[in-house]
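Below you'll find the structure, written out as structure tokens, and then a few comments.
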Amino acid sequence: MASIHRAAAWQVWIRCGWKLLTVFAPVFLATGAGLGVLILDLHGPAWLPWLGLVPAAGVAALAMRPEPRGAPPPSGADALLTLAIVLAALVWAWTLFGPGVLPIGDPVAVPQFARSLATGLPLTEAFPPGSSGHAYPPGYPLLFAPAEAVLQPDTALMLFKLVTVAVAALIPAAWGGLHRALFAPDRPAWQVAALAYVAFILLERQLGFLTPFAGKNAVEFALLLFPAVILATIRLAERPRLWPLAALPLGGLFVIHYSMLHLAAAFLAAYALLGRPWRWGPVLRMVGAGAIACGLLLLAAGEALHDPRAAAAPWTLGPALGLLARAVVASRPPLVIFHDAAFGLTPAYYRILVVAACGAVAVALGFSLRRPGLWRAAMIYGLALAASLAFGYGVVPARINLDFVRCFAWTLQAALFLVAMLALVEGWGRLAGSWRWAAPLAAAPVLAVALAIAWHDMRVERAAFRQATQPRAAIHQIAAALPQDRACMLIAHGQARPDVLVTIQDAPPWNYAEALSPCVFVGGSWVHAGWPGGRDLDGLPSAEALRRLPAGLPVYFVGPRAQLDAYAGALAGQGLGWAWRPAGQAAGSALWRAERPSGSYASNAM
């Protein structure tokens, strides 16, 4: 009897822990991000946005309530096998990214913006219109802001790297859980998780490249939360009195990244049409929750819609359809992110046609085997992917470009690979006699090729990451060399890229300076265009630009003595009268502090 009670207690703990990890935590984070950004707009003290976590816990608890048609939590053995698969994925991700911080660029934007939000200042006020920071979705930086507030800058960057690795490793498990909950409740969780990792890592292959190089970290974090938020939306829409609460996690997901509005619209529309017998009530409630979530997005980040880069091109249906048609039959379609890279990754030939073929296999087997979950899932993923492509190619004027569409559409492609494999496994289970052993032998060469390609791409990505990243020692030196209690101005030679509104410093480690201190590059950085005239003098600030700098802030020059002497010579005779004194070295670069004629370094803030 005692053993029975212990087994029952074990099952209860498994079920509670499973729901906390797969439903409560993601819905809590998404809801907290959305409510926190709304509260941040009130301009109260820095702790005020965290009041949004109180109602977020209530919404997450309601979303955990079971749905009769949903997949049950796994048994004890099933949960342990699933956990082992996820741990193996975490080891894979850490092996791929290895030591050091994330490469400079978009991957470091979230911690940098989190530093601004930790002071209670919205990004739309901390950065001018037209800059990356002004239009950046504030949800993820807001969730990371407490880490920036309490940790040393270099430690916070390493923590963000660990979080990024964990997000990359957990996305396949999250989407496998979404598939199991909606379409395959009778499947063991470990089996769905294992096939999801095969689909996302071995077959789809964009996950490893996307995280450190494409730099859409906020997109990836939103994609991790997306399955739980969608499940919460569907579950709450089933309840006539609770459905408005679905707007909170959904709106929070949109604030974490705006492109989730398009993914949610495509997925929920496809699910409403094909997921189950049509019922007006839940469908209308989902539409209502989505409308409220869009309203919350406008309240929280509506100013970002006025960003100059968000301007929509004139809508022309014919050319847009032509572009989409050519992409479908292209041997290397733009939908695949790493086709833009020159790292030497294995091409994904005819990706759209291959994905369509996988969907067709799943639909055919689903009908022949009388498994409606298979064909419904394939048609929903396929319809959502088609709608996303229509958004990205301008067939439907949705104010989103292809770059952001393909940064979330890869999950739909992987989902179609997943459902095709599940259909093949289901069909294999129905075979009898010698066919039951012949099928795995026929599939072995395909799996071997997939493993070889994945191993090659992993080695390429690993080498590229180690070349692009910086060791923590260099990052620590920069953080120690710059003031942490006040702002300062940095002068360094960099390469401007006006097409994407960014400037990259010549000394690679110093690109992290703005994420490690309150200092700002006069000539611009990855997230802002720079001070007026900040690059007028051969990539360095002109004398007029230096005169306009705030008088009370220290100014530092980053670079070798020869470069400083040449710059000082170019400024000579313009009445500036600045002198430069050594201020140490950091990350292989000399640091010089300016002495202005007035000698004033008052404490006025930037």
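Note on naming: chains are A, B, ... as they come in the structure tokens, residues start from 1 per chain, ligands start from 1 in the order shown.
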
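Non-sequential neighbours of A:Ala189 (distance at most 9 Å, separation of 6 or more positions within a chain, only C-alpha atoms) are Pro73, Pro74, Ser75, Asp78, Ala79, Leu81, Thr82, Gly176, Gly177 and Arg180 of chain A.
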
Those residues with C-alpha atoms, as a PDB file, in the first residue's frame please?
ATOM      1  CA  PRO A  73       1.192  15.193 -18.642  1.00  0.00           C
ATOM      2  CA  PRO A  74       3.723  12.387 -19.146  1.00  0.00           C
ATOM      3  CA  SER A  75       4.131   9.505 -16.749  1.00  0.00           C
ATOM      4  CA  ASP A  78       8.091   9.288 -19.932  1.00  0.00           C
ATOM      5  CA  ALA A  79       9.032  12.510 -18.133  1.00  0.00           C
ATOM      6  CA  LEU A  81      13.173  10.198 -20.859  1.00  0.00           C
ATOM      7  CA  THR A  82      11.972  13.598 -22.079  1.00  0.00           C
ATOM      8  CA  GLY A 176       7.022  19.342 -29.776  1.00  0.00           C
ATOM      9  CA  GLY A 177       4.853  19.928 -26.708  1.00  0.00           C
ATOM     10  CA  ARG A 180       1.463  16.780 -28.752  1.00  0.00           C
TER      11      ARG A 180
END

Within 12 Å of A:Leu298 using only C-alpha atoms, minus same-chain residues under 3 positions, as a CSV table (one decimal) with N, CA and C atoms, in the first residue's frame:
chain,number,residue,atom,x,y,z
A,34,GLY,N,4.3,42.0,-21.1
A,34,GLY,CA,3.3,43.0,-21.6
A,34,GLY,C,2.8,43.9,-20.6
A,37,VAL,N,5.6,46.5,-19.6
A,37,VAL,CA,5.8,47.6,-20.6
A,37,VAL,C,4.7,48.6,-20.5
A,38,LEU,N,3.5,48.2,-20.3
A,38,LEU,CA,2.4,49.1,-20.1
A,38,LEU,C,2.6,50.0,-18.9
A,41,ASP,N,5.2,52.8,-19.1
A,41,ASP,CA,4.8,54.0,-19.8
A,41,ASP,C,4.3,55.0,-18.8
A,137,PRO,N,11.5,45.9,-29.8
A,137,PRO,CA,10.4,45.4,-28.9
A,137,PRO,C,11.0,45.4,-27.5
A,251,GLY,N,-0.8,39.6,-25.9
A,251,GLY,CA,-0.2,40.9,-26.1
A,251,GLY,C,1.2,41.0,-25.6
A,252,GLY,N,1.5,40.3,-24.5
A,252,GLY,CA,2.9,40.3,-24.0
A,252,GLY,C,3.8,39.6,-25.0
A,254,PHE,N,3.4,39.7,-28.2
A,254,PHE,CA,3.7,40.7,-29.3
A,254,PHE,C,4.7,41.7,-28.8
A,255,VAL,N,4.7,42.1,-27.6
A,255,VAL,CA,5.6,43.1,-27.1
A,255,VAL,C,7.1,42.5,-27.0
A,258,TYR,N,7.4,41.9,-32.2
A,258,TYR,CA,6.2,42.3,-33.0
A,258,TYR,C,5.8,41.3,-34.1
A,261,LEU,N,2.8,38.8,-33.8
A,261,LEU,CA,1.5,39.1,-34.2
A,261,LEU,C,1.1,38.4,-35.5
A,291,ALA,N,-7.8,40.9,-30.9
A,291,ALA,CA,-8.0,42.3,-31.1
A,291,ALA,C,-7.6,43.1,-29.9
A,292,ILE,N,-8.0,42.6,-28.7
A,292,ILE,CA,-7.6,43.3,-27.4
A,292,ILE,C,-6.0,43.3,-27.3
A,293,ALA,N,-5.4,42.1,-27.7
A,293,ALA,CA,-3.9,42.1,-27.6
A,293,ALA,C,-3.3,43.1,-28.5
A,294,CYS,N,-3.9,43.3,-29.7
A,294,CYS,CA,-3.4,44.3,-30.6
A,294,CYS,C,-3.5,45.7,-30.0
A,295,GLY,N,-4.6,45.9,-29.4
A,295,GLY,CA,-4.8,47.2,-28.7
A,295,GLY,C,-3.8,47.4,-27.6
A,301,ALA,N,3.6,50.0,-27.3
A,301,ALA,CA,4.7,50.3,-28.2
A,301,ALA,C,4.2,50.8,-29.5
A,302,GLY,N,3.1,51.6,-29.5
A,302,GLY,CA,2.6,52.1,-30.7
A,302,GLY,C,3.5,53.1,-31.4
A,303,GLU,N,4.4,53.8,-30.7
A,303,GLU,CA,5.3,54.8,-31.3
A,303,GLU,C,6.3,54.1,-32.2
A,304,ALA,N,6.6,52.8,-32.0
A,304,ALA,CA,7.5,52.1,-32.8
A,304,ALA,C,7.0,52.0,-34.2
A,305,LEU,N,5.6,52.0,-34.4
A,305,LEU,CA,5.1,51.9,-35.7
A,305,LEU,C,5.4,53.1,-36.6
A,306,HIS,N,5.8,54.2,-36.0
A,306,HIS,CA,6.1,55.4,-36.7
A,306,HIS,C,7.6,55.5,-37.1

Determine, for each residue of stretch 493-558 of chain A having at least one atom at most 9 Å from an atom of stretch 579-594 of chain A, the closest pair of atoms and their separation in Å to one decimal, counting only C-alpha atoms; order by chain and ascending number, as CSV.
residue,atom,partner,partner_atom,distance
A:Ala507,CA,A:Ser589,CA,7.4
A:Pro509,CA,A:Ala587,CA,6.4
A:Trp510,CA,A:Ala587,CA,7.7
A:Pro554,CA,A:Ala594,CA,7.2
A:Val555,CA,A:Ala594,CA,5.5
A:Tyr556,CA,A:Arg593,CA,4.5
A:Phe557,CA,A:Trp592,CA,5.0
A:Val558,CA,A:Leu591,CA,4.9

Determine the nearest neighbour of A:Phe24 from the options A:Cys519, A:Val163, A:Ala193, A:Ala228, counting only C-alpha atoms.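 Of all the options, A:Ala228 lies closest to A:Phe24.
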
Between A:Val446, A:Ala496, A:Leu178, A:Ile380, which one has atoms that come closest to A:Leu274, using only C-alpha atoms? A:Ile380

List every residue of stretch 359-554 of chain A that DSSP, applied to the backbone of this structure, assigns to alpha helix (DSSP H), and report them as number ranges by chain. A: 359-368, 372-392, 402-430, 435-468, 472-481, 513-516, 543-547

Mind running stretch 119-184 of chain A against stretch 399-412 of chain A at 12 Å and telling me each contacting residue's nearest atom pair with the distance in Å (one decimal), counting only C-alpha atoms, chain and number ascending, as a Markdown table?
| residue | atom | partner | partner_atom | distance |
| --- | --- | --- | --- | --- |
| A:Ala168 | CA | A:Thr411 | CA | 11.9 |
| A:Ile171 | CA | A:Thr411 | CA | 8.9 |
| A:Pro172 | CA | A:Thr411 | CA | 8.5 |
| A:Ala173 | CA | A:Thr411 | CA | 11.7 |
| A:Ala174 | CA | A:Thr411 | CA | 10.8 |
| A:Trp175 | CA | A:Thr411 | CA | 8.0 |
| A:Gly176 | CA | A:Thr411 | CA | 10.6 |
| A:Leu178 | CA | A:Thr411 | CA | 11.7 |
| A:His179 | CA | A:Leu412 | CA | 11.2 |

Once you have the residues from the selection above, write them out as a PDB file, in the first residue's frame, restricted to C-alpha atoms.
ATOM      1  CA  ALA A 168      17.964  27.592 -28.411  1.00  0.00           C
ATOM      2  CA  ILE A 171      12.632  25.607 -28.608  1.00  0.00           C
ATOM      3  CA  PRO A 172      12.283  22.140 -30.230  1.00  0.00           C
ATOM      4  CA  ALA A 173      10.900  20.691 -26.990  1.00  0.00           C
ATOM      5  CA  ALA A 174       8.393  23.543 -26.687  1.00  0.00           C
ATOM      6  CA  TRP A 175       7.114  23.103 -30.228  1.00  0.00           C
ATOM      7  CA  GLY A 176       7.022  19.342 -29.776  1.00  0.00           C
ATOM      8  CA  LEU A 178       2.543  22.174 -28.737  1.00  0.00           C
ATOM      9  CA  HIS A 179       2.134  19.453 -31.359  1.00  0.00           C
TER      10      HIS A 179
END

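Those residues in stretch 336-516 of chain A carrying a DSSP assignment of strand (DSSP E or B), computed from the backbone, are Met489, Leu490, Ile491, Ala492, Gly494, Gln495, Ala496, Arg497, Val502, Thr503, Ile504 and Gln505 of chain A.
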
Please provide the set of residues having any atom within 12 Å of A:Ala181, restricted to only C-alpha atoms, with same-chain residues fewer than 2 positions apart removed, written as a compact mmCIF listing (two decimals) with C-alpha atoms, in the first residue's frame.
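The resulting file, out.txt, is reproduced below:
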# COMPACT_ATOMS: atom_id res chain seq x y z
CA LYS A 19 2.58 22.12 -16.06
CA THR A 22 5.46 24.02 -19.99
CA VAL A 23 2.48 26.29 -19.27
CA PRO A 66 -6.60 21.20 -18.04
CA GLU A 67 -8.52 21.01 -21.27
CA PRO A 68 -10.41 17.73 -21.84
CA ARG A 69 -9.03 17.32 -25.36
CA GLY A 70 -5.47 18.27 -24.41
CA ALA A 71 -2.54 15.90 -24.04
CA PRO A 72 -2.08 14.55 -20.50
CA PRO A 73 1.19 15.19 -18.64
CA PRO A 74 3.72 12.39 -19.15
CA ALA A 174 8.39 23.54 -26.69
CA TRP A 175 7.11 23.10 -30.23
CA GLY A 176 7.02 19.34 -29.78
CA GLY A 177 4.85 19.93 -26.71
CA LEU A 178 2.54 22.17 -28.74
CA HIS A 179 2.13 19.45 -31.36
CA PHE A 183 -2.66 16.93 -32.41
CA ALA A 184 -1.05 13.85 -30.80
CA PRO A 185 -2.25 13.47 -27.19
CA ASP A 186 -1.80 9.68 -27.30
CA ARG A 187 1.87 9.89 -28.27
CA PRO A 188 4.54 9.53 -25.54
CA ALA A 189 6.13 12.88 -24.74
CA VAL A 192 7.51 13.58 -29.80
CA PRO A 227 3.52 27.32 -27.89
CA ALA A 228 2.40 27.88 -24.30
CA ILE A 230 -1.09 29.75 -28.05
CA LEU A 231 -2.28 26.86 -25.87
CA ALA A 232 -3.39 29.34 -23.21
CA ILE A 234 -7.07 28.31 -27.12
CA ARG A 235 -7.89 27.04 -23.63
CA GLY A 275 -8.10 22.22 -35.98
CA GLY A 373 -4.41 14.52 -35.98
CA ALA A 377 -1.55 19.18 -38.16

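From atom CA of A:Val101 back to atom CA of A:Ala218, the distance works out to 16.8 Å.
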
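The spacing separating atom CA of A:Leu51 from atom CA of A:Pro146 amounts to 13.3 Å.
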
With only C-alpha atoms as the atoms that count, which of A:Ser542, A:Gln413, A:Ser331, A:Ser368 lies nearest to A:Leu203? A:Gln413
